[in-house]
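Asks: Got upload35.cif for you, mmCIF, C-alpha atoms and all ligand atoms:
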data_model
loop_
_atom_site.group_PDB
_atom_site.id
_atom_site.type_symbol
_atom_site.label_atom_id
_atom_site.label_comp_id
_atom_site.auth_asym_id
_atom_site.auth_seq_id
_atom_site.Cartn_x
_atom_site.Cartn_y
_atom_site.Cartn_z
ATOM 1 C CA ILE A 245 9.673 -36.012 -18.263
ATOM 2 C CA THR A 246 11.571 -32.805 -18.982
ATOM 3 C CA SER A 247 9.721 -30.784 -16.340
ATOM 4 C CA ASN A 248 11.857 -32.154 -13.520
ATOM 5 C CA ARG A 249 15.092 -31.438 -15.285
ATOM 6 C CA PRO A 250 16.978 -28.266 -14.482
ATOM 7 C CA VAL A 251 16.319 -25.402 -16.888
ATOM 8 C CA LEU A 252 20.011 -24.653 -16.879
ATOM 9 C CA ALA A 253 22.569 -27.461 -16.716
ATOM 10 C CA ILE A 254 26.221 -26.484 -16.843
ATOM 11 C CA GLU A 255 28.758 -29.296 -16.904
ATOM 12 C CA GLY A 256 32.539 -29.236 -16.928
ATOM 13 C CA LEU A 257 32.546 -25.614 -18.001
ATOM 14 C CA THR A 258 36.026 -24.170 -18.358
ATOM 15 C CA VAL A 259 37.400 -20.999 -19.863
ATOM 16 C CA SER A 260 41.083 -20.175 -20.040
ATOM 17 C CA PHE A 261 42.494 -16.753 -20.747
ATOM 18 C CA ASP A 262 46.133 -17.270 -21.756
ATOM 19 C CA GLY A 263 46.311 -20.412 -19.659
ATOM 20 C CA PHE A 264 44.572 -18.840 -16.645
ATOM 21 C CA LYS A 265 41.363 -20.680 -15.818
ATOM 22 C CA ALA A 266 38.801 -18.008 -14.900
ATOM 23 C CA VAL A 267 36.131 -20.746 -14.757
ATOM 24 C CA ASP A 268 37.408 -24.178 -13.932
ATOM 25 C CA ASN A 269 35.411 -27.337 -14.595
ATOM 26 C CA LEU A 270 32.182 -25.844 -13.242
ATOM 27 C CA ASN A 271 28.969 -27.812 -12.736
ATOM 28 C CA LEU A 272 25.889 -25.746 -12.017
ATOM 29 C CA TYR A 273 22.195 -26.632 -12.179
ATOM 30 C CA VAL A 274 19.362 -24.152 -11.883
ATOM 31 C CA ASP A 275 15.706 -25.152 -11.678
ATOM 32 C CA ARG A 276 12.547 -23.492 -12.868
ATOM 33 C CA ASN A 277 10.990 -21.162 -10.259
ATOM 34 C CA GLU A 278 14.378 -20.763 -8.670
ATOM 35 C CA VAL A 279 16.276 -17.622 -7.703
ATOM 36 C CA ARG A 280 19.951 -18.601 -7.590
ATOM 37 C CA VAL A 281 22.434 -16.116 -6.242
ATOM 38 C CA VAL A 282 26.099 -16.405 -7.161
ATOM 39 C CA ILE A 283 28.464 -14.816 -4.663
ATOM 40 C CA GLY A 284 32.224 -14.823 -4.239
ATOM 41 C CA PRO A 285 35.149 -12.443 -3.891
ATOM 42 C CA ASN A 286 36.280 -10.191 -6.732
ATOM 43 C CA GLY A 287 37.869 -12.176 -9.544
ATOM 44 C CA ALA A 288 36.069 -15.405 -8.540
ATOM 45 C CA GLY A 289 34.653 -15.817 -12.052
ATOM 46 C CA LYS A 290 31.038 -14.725 -11.460
ATOM 47 C CA THR A 291 30.790 -12.308 -14.374
ATOM 48 C CA THR A 292 32.620 -14.726 -16.637
ATOM 49 C CA VAL A 293 30.044 -17.452 -15.894
ATOM 50 C CA LEU A 294 27.217 -15.130 -16.991
ATOM 51 C CA ASP A 295 29.257 -14.083 -20.042
ATOM 52 C CA LEU A 296 29.641 -17.747 -20.979
ATOM 53 C CA ILE A 297 25.914 -18.457 -20.587
ATOM 54 C CA CYS A 298 24.845 -15.522 -22.738
ATOM 55 C CA GLY A 299 27.480 -16.241 -25.384
ATOM 56 C CA LYS A 300 29.536 -13.126 -24.817
ATOM 57 C CA THR A 301 32.558 -15.281 -24.023
ATOM 58 C CA ALA A 302 33.332 -18.612 -25.717
ATOM 59 C CA ALA A 303 33.952 -21.628 -23.499
ATOM 60 C CA THR A 304 37.238 -23.497 -23.768
ATOM 61 C CA SER A 305 35.437 -26.722 -22.886
ATOM 62 C CA GLY A 306 32.313 -28.059 -21.234
ATOM 63 C CA SER A 307 28.624 -27.684 -21.917
ATOM 64 C CA ILE A 308 25.803 -25.290 -21.092
ATOM 65 C CA ARG A 309 22.375 -26.757 -21.706
ATOM 66 C CA PHE A 310 19.306 -24.570 -21.478
ATOM 67 C CA ASN A 311 16.090 -26.550 -21.777
ATOM 68 C CA GLU A 312 18.193 -29.270 -23.407
ATOM 69 C CA ILE A 313 19.568 -26.846 -26.006
ATOM 70 C CA GLU A 314 23.352 -26.611 -26.141
ATOM 71 C CA LEU A 315 24.266 -22.927 -25.866
ATOM 72 C CA THR A 316 28.044 -23.107 -26.200
ATOM 73 C CA LYS A 317 27.864 -23.301 -29.990
ATOM 74 C CA MET A 318 25.293 -20.545 -30.364
ATOM 75 C CA ARG A 319 25.718 -16.840 -31.085
ATOM 76 C CA GLU A 320 24.633 -14.183 -28.589
ATOM 77 C CA HIS A 321 21.471 -13.153 -30.441
ATOM 78 C CA GLU A 322 20.422 -16.772 -30.893
ATOM 79 C CA ILE A 323 20.780 -17.319 -27.157
ATOM 80 C CA VAL A 324 18.545 -14.293 -26.521
ATOM 81 C CA ARG A 325 15.987 -15.751 -28.902
ATOM 82 C CA ALA A 326 16.195 -19.093 -27.120
ATOM 83 C CA GLY A 327 14.892 -17.291 -24.009
ATOM 84 C CA VAL A 328 17.913 -16.076 -22.072
ATOM 85 C CA GLY A 329 17.913 -12.458 -20.879
ATOM 86 C CA ARG A 330 20.899 -10.721 -19.321
ATOM 87 C CA LYS A 331 20.997 -7.449 -17.474
ATOM 88 C CA PHE A 332 24.324 -5.770 -16.903
ATOM 89 C CA GLN A 333 25.077 -3.537 -13.949
ATOM 90 C CA THR A 334 24.691 -0.240 -15.758
ATOM 91 C CA PRO A 335 21.175 0.229 -17.060
ATOM 92 C CA SER A 336 21.081 0.421 -20.835
ATOM 93 C CA ILE A 337 17.852 2.165 -21.607
ATOM 94 C CA TYR A 338 16.956 4.858 -24.103
ATOM 95 C CA GLU A 339 17.043 7.975 -21.935
ATOM 96 C CA SER A 340 15.238 10.230 -24.395
ATOM 97 C CA LEU A 341 12.334 7.828 -24.888
ATOM 98 C CA SER A 342 9.387 7.243 -22.596
ATOM 99 C CA VAL A 343 8.945 4.221 -20.366
ATOM 100 C CA PHE A 344 6.296 3.014 -22.807
ATOM 101 C CA GLU A 345 8.597 3.398 -25.820
ATOM 102 C CA ASN A 346 11.484 1.670 -24.094
ATOM 103 C CA LEU A 347 9.301 -1.318 -23.325
ATOM 104 C CA GLU A 348 7.674 -1.309 -26.730
ATOM 105 C CA MET A 349 11.062 -1.381 -28.473
ATOM 106 C CA SER A 350 11.965 -4.511 -26.597
ATOM 107 C CA PHE A 351 8.983 -6.440 -27.861
ATOM 108 C CA PRO A 352 10.434 -9.248 -29.982
ATOM 109 C CA ARG A 353 10.287 -8.231 -33.634
ATOM 110 C CA GLY A 354 9.489 -11.756 -34.713
ATOM 111 C CA ARG A 355 6.179 -11.430 -32.927
ATOM 112 C CA MET A 356 5.397 -7.922 -34.178
ATOM 113 C CA VAL A 357 2.547 -7.317 -36.565
ATOM 114 C CA LEU A 358 4.411 -6.632 -39.757
ATOM 115 C CA GLY A 359 3.005 -3.600 -41.538
ATOM 116 C CA ALA A 360 5.167 -3.247 -44.633
ATOM 117 C CA LEU A 361 8.136 -1.100 -43.686
ATOM 118 C CA THR A 362 6.251 1.054 -41.237
ATOM 119 C CA PHE A 363 6.292 0.318 -37.555
ATOM 120 C CA LYS A 364 2.798 -0.380 -36.300
ATOM 121 C CA ARG A 365 1.583 -0.788 -32.766
ATOM 122 C CA SER A 366 -0.519 -3.863 -32.376
ATOM 123 C CA PRO A 367 -2.974 -4.127 -29.467
ATOM 124 C CA ASP A 368 -0.891 -7.088 -28.444
ATOM 125 C CA VAL A 369 2.169 -4.892 -27.809
ATOM 126 C CA VAL A 370 0.228 -2.258 -25.864
ATOM 127 C CA GLU A 371 -1.312 -4.891 -23.636
ATOM 128 C CA ARG A 372 2.051 -6.456 -22.963
ATOM 129 C CA VAL A 373 3.722 -3.103 -22.241
ATOM 130 C CA GLU A 374 1.004 -2.260 -19.717
ATOM 131 C CA LYS A 375 1.320 -5.617 -18.029
ATOM 132 C CA VAL A 376 5.091 -5.379 -17.750
ATOM 133 C CA ALA A 377 4.939 -1.739 -16.548
ATOM 134 C CA GLN A 378 2.627 -2.905 -13.776
ATOM 135 C CA GLU A 379 5.092 -5.622 -12.798
ATOM 136 C CA ILE A 380 8.035 -3.231 -12.561
ATOM 137 C CA PHE A 381 6.153 -0.573 -10.542
ATOM 138 C CA LEU A 382 6.081 1.898 -13.440
ATOM 139 C CA ALA A 383 2.418 1.692 -14.490
ATOM 140 C CA ASP A 384 1.810 5.313 -13.476
ATOM 141 C CA LEU A 385 4.915 6.535 -15.258
ATOM 142 C CA LEU A 386 4.328 5.030 -18.708
ATOM 143 C CA HIS A 387 4.663 8.373 -20.480
ATOM 144 C CA GLN A 388 7.491 9.716 -18.367
ATOM 145 C CA GLN A 389 10.747 10.247 -20.233
ATOM 146 C CA ALA A 390 13.230 7.629 -19.023
ATOM 147 C CA ASP A 391 15.974 10.071 -18.036
ATOM 148 C CA LEU A 392 13.645 11.516 -15.399
ATOM 149 C CA LEU A 393 13.337 8.186 -13.600
ATOM 150 C CA SER A 394 15.267 7.480 -10.409
ATOM 151 C CA HIS A 395 18.288 5.194 -10.652
ATOM 152 C CA GLY A 396 16.241 2.343 -9.197
ATOM 153 C CA GLN A 397 13.360 2.926 -11.587
ATOM 154 C CA LYS A 398 15.819 2.799 -14.491
ATOM 155 C CA GLN A 399 17.042 -0.561 -13.255
ATOM 156 C CA TRP A 400 13.452 -1.813 -13.111
ATOM 157 C CA LEU A 401 12.817 -0.473 -16.595
ATOM 158 C CA GLU A 402 15.687 -2.500 -17.915
ATOM 159 C CA ILE A 403 14.334 -5.604 -16.180
ATOM 160 C CA GLY A 404 11.010 -4.774 -17.832
ATOM 161 C CA MET A 405 12.705 -4.556 -21.222
ATOM 162 C CA LEU A 406 14.011 -8.057 -20.674
ATOM 163 C CA LEU A 407 10.582 -9.273 -19.540
ATOM 164 C CA MET A 408 9.083 -7.984 -22.799
ATOM 165 C CA GLN A 409 11.057 -10.724 -24.524
ATOM 166 C CA GLU A 410 9.513 -13.360 -22.254
ATOM 167 C CA PRO A 411 12.770 -14.978 -21.194
ATOM 168 C CA GLU A 412 12.774 -18.266 -19.341
ATOM 169 C CA LEU A 413 16.121 -17.519 -17.783
ATOM 170 C CA LEU A 414 16.950 -14.067 -16.479
ATOM 171 C CA MET A 415 20.469 -13.154 -15.371
ATOM 172 C CA LEU A 416 21.081 -10.001 -13.356
ATOM 173 C CA ASP A 417 24.366 -8.458 -12.333
ATOM 174 C CA GLU A 418 24.082 -6.592 -9.002
ATOM 175 C CA PRO A 419 20.516 -5.433 -9.554
ATOM 176 C CA VAL A 420 20.241 -3.344 -6.385
ATOM 177 C CA ALA A 421 23.563 -1.492 -6.570
ATOM 178 C CA GLY A 422 22.861 2.154 -5.778
ATOM 179 C CA MET A 423 19.217 1.567 -4.842
ATOM 180 C CA SER A 424 17.417 3.029 -1.843
ATOM 181 C CA VAL A 425 16.199 0.744 0.936
ATOM 182 C CA SER A 426 12.614 0.818 -0.279
ATOM 183 C CA GLU A 427 13.713 0.183 -3.862
ATOM 184 C CA ARG A 428 15.692 -2.822 -2.645
ATOM 185 C CA GLU A 429 12.643 -4.225 -0.905
ATOM 186 C CA LYS A 430 10.541 -3.775 -4.009
ATOM 187 C CA THR A 431 13.245 -5.380 -6.140
ATOM 188 C CA ALA A 432 13.298 -8.407 -3.844
ATOM 189 C CA GLU A 433 9.537 -8.685 -4.274
ATOM 190 C CA LEU A 434 9.911 -8.270 -8.047
ATOM 191 C CA LEU A 435 12.540 -10.999 -8.335
ATOM 192 C CA GLY A 436 10.384 -13.375 -6.298
ATOM 193 C CA ARG A 437 7.497 -12.719 -8.640
ATOM 194 C CA ILE A 438 9.426 -13.004 -11.891
ATOM 195 C CA SER A 439 11.016 -16.265 -10.837
ATOM 196 C CA GLN A 440 7.588 -17.867 -10.993
ATOM 197 C CA GLY A 441 7.667 -19.994 -14.126
ATOM 198 C CA ARG A 442 11.215 -18.849 -14.853
ATOM 199 C CA SER A 443 14.737 -19.176 -13.523
ATOM 200 C CA VAL A 444 16.642 -16.195 -12.210
ATOM 201 C CA VAL A 445 20.406 -16.065 -11.691
ATOM 202 C CA VAL A 446 21.747 -13.084 -9.770
ATOM 203 C CA ILE A 447 25.271 -11.921 -8.957
ATOM 204 C CA GLU A 448 25.101 -9.967 -5.733
ATOM 205 C CA HIS A 449 27.429 -8.625 -3.063
ATOM 206 C CA ASP A 450 24.888 -7.244 -0.611
ATOM 207 C CA MET A 451 24.405 -10.142 1.799
ATOM 208 C CA GLU A 452 21.225 -8.743 3.352
ATOM 209 C CA PHE A 453 19.717 -8.621 -0.110
ATOM 210 C CA VAL A 454 21.020 -12.094 -0.956
ATOM 211 C CA LYS A 455 19.287 -13.382 2.167
ATOM 212 C CA SER A 456 16.016 -11.836 1.106
ATOM 213 C CA ILE A 457 15.952 -13.320 -2.413
ATOM 214 C CA ALA A 458 18.043 -16.476 -2.665
ATOM 215 C CA HIS A 459 16.460 -19.896 -2.832
ATOM 216 C CA LYS A 460 19.967 -21.258 -3.139
ATOM 217 C CA VAL A 461 23.422 -19.672 -3.045
ATOM 218 C CA THR A 462 26.486 -20.727 -5.037
ATOM 219 C CA VAL A 463 29.825 -19.483 -3.733
ATOM 220 C CA LEU A 464 32.494 -19.189 -6.404
ATOM 221 C CA HIS A 465 36.182 -18.926 -5.650
ATOM 222 C CA GLN A 466 38.986 -19.098 -8.228
ATOM 223 C CA GLY A 467 36.596 -20.318 -10.894
ATOM 224 C CA LYS A 468 35.329 -23.230 -8.812
ATOM 225 C CA ILE A 469 32.379 -23.835 -6.506
ATOM 226 C CA LEU A 470 33.472 -23.452 -2.914
ATOM 227 C CA ALA A 471 30.062 -24.100 -1.383
ATOM 228 C CA GLU A 472 26.445 -24.355 -2.435
ATOM 229 C CA GLY A 473 23.148 -24.483 -0.598
ATOM 230 C CA SER A 474 20.951 -22.336 1.589
ATOM 231 C CA MET A 475 22.216 -18.931 2.679
ATOM 232 C CA GLU A 476 22.474 -20.248 6.259
ATOM 233 C CA SER A 477 24.554 -23.254 5.235
ATOM 234 C CA VAL A 478 27.032 -21.300 3.095
ATOM 235 C CA GLN A 479 27.339 -18.514 5.669
ATOM 236 C CA SER A 480 28.384 -20.960 8.339
ATOM 237 C CA ASN A 481 30.718 -22.904 6.031
ATOM 238 C CA PRO A 482 34.313 -22.512 7.342
ATOM 239 C CA LYS A 483 35.759 -22.465 3.803
ATOM 240 C CA VAL A 484 33.458 -19.590 2.874
ATOM 241 C CA ILE A 485 34.265 -17.685 6.047
ATOM 242 C CA GLU A 486 37.963 -18.079 5.355
ATOM 243 C CA VAL A 487 37.696 -16.815 1.778
ATOM 244 C CA TYR A 488 35.721 -13.777 2.879
ATOM 245 C CA LEU A 489 37.563 -12.949 6.065
ATOM 246 C CA GLY A 490 40.960 -14.637 5.967
ATOM 247 C CA HIS A 491 43.921 -13.744 3.803
HETATM 248 P P1 LIG B 501 34.087 -11.673 -10.734
HETATM 249 O O1 LIG B 501 32.906 -11.305 -11.580
HETATM 250 O O2 LIG B 501 33.794 -12.808 -9.801
HETATM 251 O O3 LIG B 501 34.665 -10.507 -9.997
HETATM 252 P P2 LIG B 501 35.350 -12.146 -13.268
HETATM 253 O O4 LIG B 501 34.528 -13.184 -13.893
HETATM 254 O O5 LIG B 501 35.142 -10.745 -13.729
HETATM 255 O O6 LIG B 501 35.239 -12.224 -11.687
HETATM 256 O O7 LIG B 501 36.895 -12.460 -13.504
HETATM 257 C C1 LIG B 501 37.473 -13.721 -13.166
HETATM 258 C C2 LIG B 501 38.934 -13.697 -13.561
HETATM 259 O O8 LIG B 501 39.063 -13.797 -14.972
HETATM 260 C C3 LIG B 501 39.665 -12.434 -13.152
HETATM 261 O O9 LIG B 501 40.962 -12.790 -12.719
HETATM 262 C C4 LIG B 501 39.718 -11.630 -14.442
HETATM 263 O O10 LIG B 501 40.835 -10.784 -14.452
HETATM 264 C C5 LIG B 501 39.809 -12.718 -15.492
HETATM 265 N N1 LIG B 501 39.210 -12.335 -16.785
HETATM 266 C C6 LIG B 501 37.897 -12.100 -17.014
HETATM 267 N N2 LIG B 501 37.684 -11.829 -18.301
HETATM 268 C C7 LIG B 501 38.894 -11.868 -18.917
HETATM 269 C C8 LIG B 501 39.345 -11.668 -20.255
HETATM 270 N N3 LIG B 501 38.501 -11.382 -21.238
HETATM 271 N N4 LIG B 501 40.673 -11.813 -20.494
HETATM 272 C C9 LIG B 501 41.527 -12.124 -19.517
HETATM 273 N N5 LIG B 501 41.175 -12.338 -18.241
HETATM 274 C C10 LIG B 501 39.880 -12.211 -17.928
#
What would the structure in this file look like if it were written as structure tokens?
Replies:
Amino acid sequence: ITSNRPVLAIEGLTVSFDGFKAVDNLNLYVDRNEVRVVIGPNGAGKTTVLDLICGKTAATSGSIRFNEIELTKMREHEIVRAGVGRKFQTPSIYESLSVFENLEMSFPRGRMVLGALTFKRSPDVVERVEKVAQEIFLADLLHQQADLLSHGQKQWLEIGMLLMQEPELLMLDEPVAGMSVSEREKTAELLGRISQGRSVVVIEHDMEFVKSIAHKVTVLHQGKILAEGSMESVQSNPKVIEVYLGH
């Protein structure tokens, strides 16, 4: 019965900062296999919504259910372990380590082969690293030091580090900022692929890119949903046009 339920169900979510509601009674549902893009002007509450989901910010009220688990009472690391991965705008990778090592480090410790106090590579890890490297277009660069990668490749590496943890929900903040045109195209392809069997939530400003990846778009404005639906429907919505163009 649970398979038809949304993976992520947010209801009545509110957060106040000194009485200012950055997120105001939000309801948001994201399905499995879905790429949801959240757009909206600066200060709309987009980052705060992701912060609330991953436990970085505590909700004032409301609920966030992920596969029927209530996240609002959980700590950040517990939310990661529950299967939620978050990528921030700036890549946080280990520049002095190789692509392989970066991916390997992200393999969940709980599933590592425990060899006393020494760190041991299990065939399981190697296999997984190779599979993920393939997915993120870095299979030929496994032994390259990470600081030599292009900006776009670093962004992919960080997505790969999240994939190592096998998240069911992946949240990405402006994943193509600073990328070349061809890197953008490959990222769109990557997001389409990784949404299979998962849910992906993306904050994005680049409307051409939004068009190429979004199954559904949620427009936030002043902490509330202004419009939701296909890219075409929100783009032609007068309220959305006014928020973006009118002052
Ligand atoms: P967006 O990502 O859509 O640009 P944010 O979620 O970053 O918007 O911010 C929404 C609003 O909440 C902004 O007015 C911002 O100043 C405010 N805000 C965000 N985090 C905090 C915080 N920790 N304390 C006070 N105000 C905050």
Asks: May I have the residues within 6 Å of ligand LIG 501 (chain B), computed using only C-alpha atoms and all ligand atoms, as a PyMOL selection string?
Replies: chain A and resi 261+266+286-292
Asks: Would you compute, for all listed atoms of range 398-403 of chain A, the axis-aligned bounding box grown by 8 Å on each side, and then report its centre and edge lengths in Å rounded to one decimal, as AutoDock Vina command-line options?
Replies:
--center_x 14.9 --center_y -1.4 --center_z -15.5 --size_x 20.2 --size_y 24.4 --size_z 20.8
Asks: Have a look at CA of Ile313 in chain A and CA of Gly327 in chain A and let me know their distance in Å, one decimal.
Replies: 10.8 Å
Asks: Taking the file as shown, find all residues satisfying the PyMOL selection byres (((chain A and resi 418) around 10) and not hetatm) and write them as a PyMOL selection string.
Replies: chain A and resi 331-334+415-417+419-422+446-450
Asks: Show me the residues around (30.6, -23.5, -29.5) - criterion: an atom at most 10 Å away, only C-alpha atoms counted - as a list in words.
Replies: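 In the file's frame, the residues around the point are Gly299, Ala302, Ala303, Thr304, Ser305, Gly306, Ser307, Ile308, Glu314, Leu315, Thr316, Lys317, Met318 and Arg319 of chain A.
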Asks: When you count all atoms listed in the file, which of these residues is closest to Leu257 in chain A: A:Ile297, A:Thr462, A:Val281, A:Glu412?
Replies: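 Of all the options, A:Ile297 lies closest to Leu257 in chain A.
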Asks: Please expand the PyMOL selection byres (((chain A and resi 444) around 9) and not hetatm) into the concrete residues it hits in this file, giving the result as a PyMOL selection string.
Replies: chain A and resi 274+276-281+412-416+435+438-439+442-443+445-446
Asks: How many Å separate CA of Arg437 in chain A from CA of Gln397 in chain A?
Replies: 17.0 Å
Asks: Got a sec to resolve the PyMOL selection byres (((chain A and resi 407) around 9) and not hetatm) on this structure and send the residues as a PyMOL selection string?
Replies: chain A and resi 329+347+350-351+376+402-406+408-411+414+438
Asks: My list of candidates is A:Lys300, A:Lys483, A:Lys398, A:His387. Which is closest to Leu464 in chain A when distances are computed with only C-alpha atoms?
Replies: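 Among the listed residues, the smallest separation from Leu464 in chain A belongs to A:Lys483.
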Asks: Between CA of Val461 in chain A and CA of Gly473 in chain A, what is the distance, to one decimal in Å?
Replies: 5.4 Å
Asks: Could you check which of A:Trp400, A:Phe453, A:Tyr488, A:Phe310 is closest to Ser336 in chain A, using only C-alpha atoms?
Replies: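 Among the listed residues, A:Trp400 lies closest to Ser336 in chain A.
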Asks: Taking 4 positions as the minimum chain separation for residues in the same chain, which residues sit within 10 Å of Val463 in chain A when counting all atoms listed in the file? Answer as a list in words.
Replies: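 With the cut-off at 10 Å, the set is Val281, Val282, Ile283, Gly284, Pro285, Ala288, Lys290, Gly467, Lys468, Ile469, Leu470, Ala471, Glu472, Gly473, Met475, Val478, Gln479, Val484 and Val487 of chain A.
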Asks: Kindly export the residues of the current selection with C-alpha atoms, as a PDB file, in the coordinates of the input.
Replies:
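File out32.pdb, as written:
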ATOM      1  CA  VAL A 281      22.434 -16.116  -6.242  1.00  0.00           C
ATOM      2  CA  VAL A 282      26.099 -16.405  -7.161  1.00  0.00           C
ATOM      3  CA  ILE A 283      28.464 -14.816  -4.663  1.00  0.00           C
ATOM      4  CA  GLY A 284      32.224 -14.823  -4.239  1.00  0.00           C
ATOM      5  CA  PRO A 285      35.149 -12.443  -3.891  1.00  0.00           C
ATOM      6  CA  ALA A 288      36.069 -15.405  -8.540  1.00  0.00           C
ATOM      7  CA  LYS A 290      31.038 -14.725 -11.460  1.00  0.00           C
ATOM      8  CA  GLY A 467      36.596 -20.318 -10.894  1.00  0.00           C
ATOM      9  CA  LYS A 468      35.329 -23.230  -8.812  1.00  0.00           C
ATOM     10  CA  ILE A 469      32.379 -23.835  -6.506  1.00  0.00           C
ATOM     11  CA  LEU A 470      33.472 -23.452  -2.914  1.00  0.00           C
ATOM     12  CA  ALA A 471      30.062 -24.100  -1.383  1.00  0.00           C
ATOM     13  CA  GLU A 472      26.445 -24.355  -2.435  1.00  0.00           C
ATOM     14  CA  GLY A 473      23.148 -24.483  -0.598  1.00  0.00           C
ATOM     15  CA  MET A 475      22.216 -18.931   2.679  1.00  0.00           C
ATOM     16  CA  VAL A 478      27.032 -21.300   3.095  1.00  0.00           C
ATOM     17  CA  GLN A 479      27.339 -18.514   5.669  1.00  0.00           C
ATOM     18  CA  VAL A 484      33.458 -19.590   2.874  1.00  0.00           C
ATOM     19  CA  VAL A 487      37.696 -16.815   1.778  1.00  0.00           C
TER      20      VAL A 487
END
Asks: Tell me, as a PDB file with C-alpha atoms, keeping the file's coordinate frame, which residues lie within 12 Å of Met349 in chain A, counting all atoms listed in the file; anything in the same chain fewer than 3 positions away does not count.
Replies:
ATOM      1  CA  ILE A 337      17.852   2.165 -21.607  1.00  0.00           C
ATOM      2  CA  TYR A 338      16.956   4.858 -24.103  1.00  0.00           C
ATOM      3  CA  LEU A 341      12.334   7.828 -24.888  1.00  0.00           C
ATOM      4  CA  SER A 342       9.387   7.243 -22.596  1.00  0.00           C
ATOM      5  CA  VAL A 343       8.945   4.221 -20.366  1.00  0.00           C
ATOM      6  CA  PHE A 344       6.296   3.014 -22.807  1.00  0.00           C
ATOM      7  CA  GLU A 345       8.597   3.398 -25.820  1.00  0.00           C
ATOM      8  CA  ASN A 346      11.484   1.670 -24.094  1.00  0.00           C
ATOM      9  CA  PRO A 352      10.434  -9.248 -29.982  1.00  0.00           C
ATOM     10  CA  ARG A 353      10.287  -8.231 -33.634  1.00  0.00           C
ATOM     11  CA  MET A 356       5.397  -7.922 -34.178  1.00  0.00           C
ATOM     12  CA  PHE A 363       6.292   0.318 -37.555  1.00  0.00           C
ATOM     13  CA  LYS A 364       2.798  -0.380 -36.300  1.00  0.00           C
ATOM     14  CA  ARG A 365       1.583  -0.788 -32.766  1.00  0.00           C
ATOM     15  CA  VAL A 369       2.169  -4.892 -27.809  1.00  0.00           C
ATOM     16  CA  VAL A 370       0.228  -2.258 -25.864  1.00  0.00           C
ATOM     17  CA  ARG A 372       2.051  -6.456 -22.963  1.00  0.00           C
ATOM     18  CA  VAL A 373       3.722  -3.103 -22.241  1.00  0.00           C
ATOM     19  CA  GLU A 402      15.687  -2.500 -17.915  1.00  0.00           C
ATOM     20  CA  GLY A 404      11.010  -4.774 -17.832  1.00  0.00           C
ATOM     21  CA  MET A 405      12.705  -4.556 -21.222  1.00  0.00           C
ATOM     22  CA  LEU A 406      14.011  -8.057 -20.674  1.00  0.00           C
ATOM     23  CA  LEU A 407      10.582  -9.273 -19.540  1.00  0.00           C
ATOM     24  CA  MET A 408       9.083  -7.984 -22.799  1.00  0.00           C
ATOM     25  CA  GLN A 409      11.057 -10.724 -24.524  1.00  0.00           C
TER      26      GLN A 409
END
Asks: Which of these residues is nearest to Pro250 in chain A, using only C-alpha atoms: A:Cys298, A:Ser366, A:Asn311, A:Asn481?
Replies: A:Asn311
Asks: Nearest to His465 in chain A: which of A:Val259, A:Ala253, A:Leu489, A:Val267 is it, counting all atoms listed in the file?
Replies: A:Val267
Asks: Which protein, DNA or RNA residues have an atom at most 6 Å from (32.6, -25.6, -15.8), counting all atoms listed in the file? List them as a list of chain:residue names.
Replies: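 Here the neighbourhood of the point contains A:Glu255, A:Gly256, A:Leu257, A:Thr258, A:Asp268, A:Asn269, A:Leu270, A:Asn271, A:Gly306.
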Asks: How would range 401-417 of chain A look written as a PDB file, in the first residue's frame with C-alpha atoms?
Replies:
ATOM      1  CA  LEU A 401      31.957  14.042  -7.568  1.00  0.00           C
ATOM      2  CA  GLU A 402      29.983  15.435  -4.695  1.00  0.00           C
ATOM      3  CA  ILE A 403      26.781  13.988  -6.151  1.00  0.00           C
ATOM      4  CA  GLY A 404      28.676  10.700  -6.401  1.00  0.00           C
ATOM      5  CA  MET A 405      29.666  10.946  -2.745  1.00  0.00           C
ATOM      6  CA  LEU A 406      26.001  11.247  -1.884  1.00  0.00           C
ATOM      7  CA  LEU A 407      25.116   8.322  -4.161  1.00  0.00           C
ATOM      8  CA  MET A 408      27.630   6.150  -2.291  1.00  0.00           C
ATOM      9  CA  GLN A 409      25.284   6.392   0.679  1.00  0.00           C
ATOM     10  CA  GLU A 410      22.378   5.123  -1.426  1.00  0.00           C
ATOM     11  CA  PRO A 411      19.952   7.889  -0.526  1.00  0.00           C
ATOM     12  CA  GLU A 412      16.298   7.617  -1.430  1.00  0.00           C
ATOM     13  CA  LEU A 413      15.896  11.362  -1.423  1.00  0.00           C
ATOM     14  CA  LEU A 414      18.539  13.621  -2.910  1.00  0.00           C
ATOM     15  CA  MET A 415      18.406  17.394  -2.470  1.00  0.00           C
ATOM     16  CA  LEU A 416      20.581  19.646  -4.608  1.00  0.00           C
ATOM     17  CA  ASP A 417      21.102  23.371  -4.334  1.00  0.00           C
TER      18      ASP A 417
END
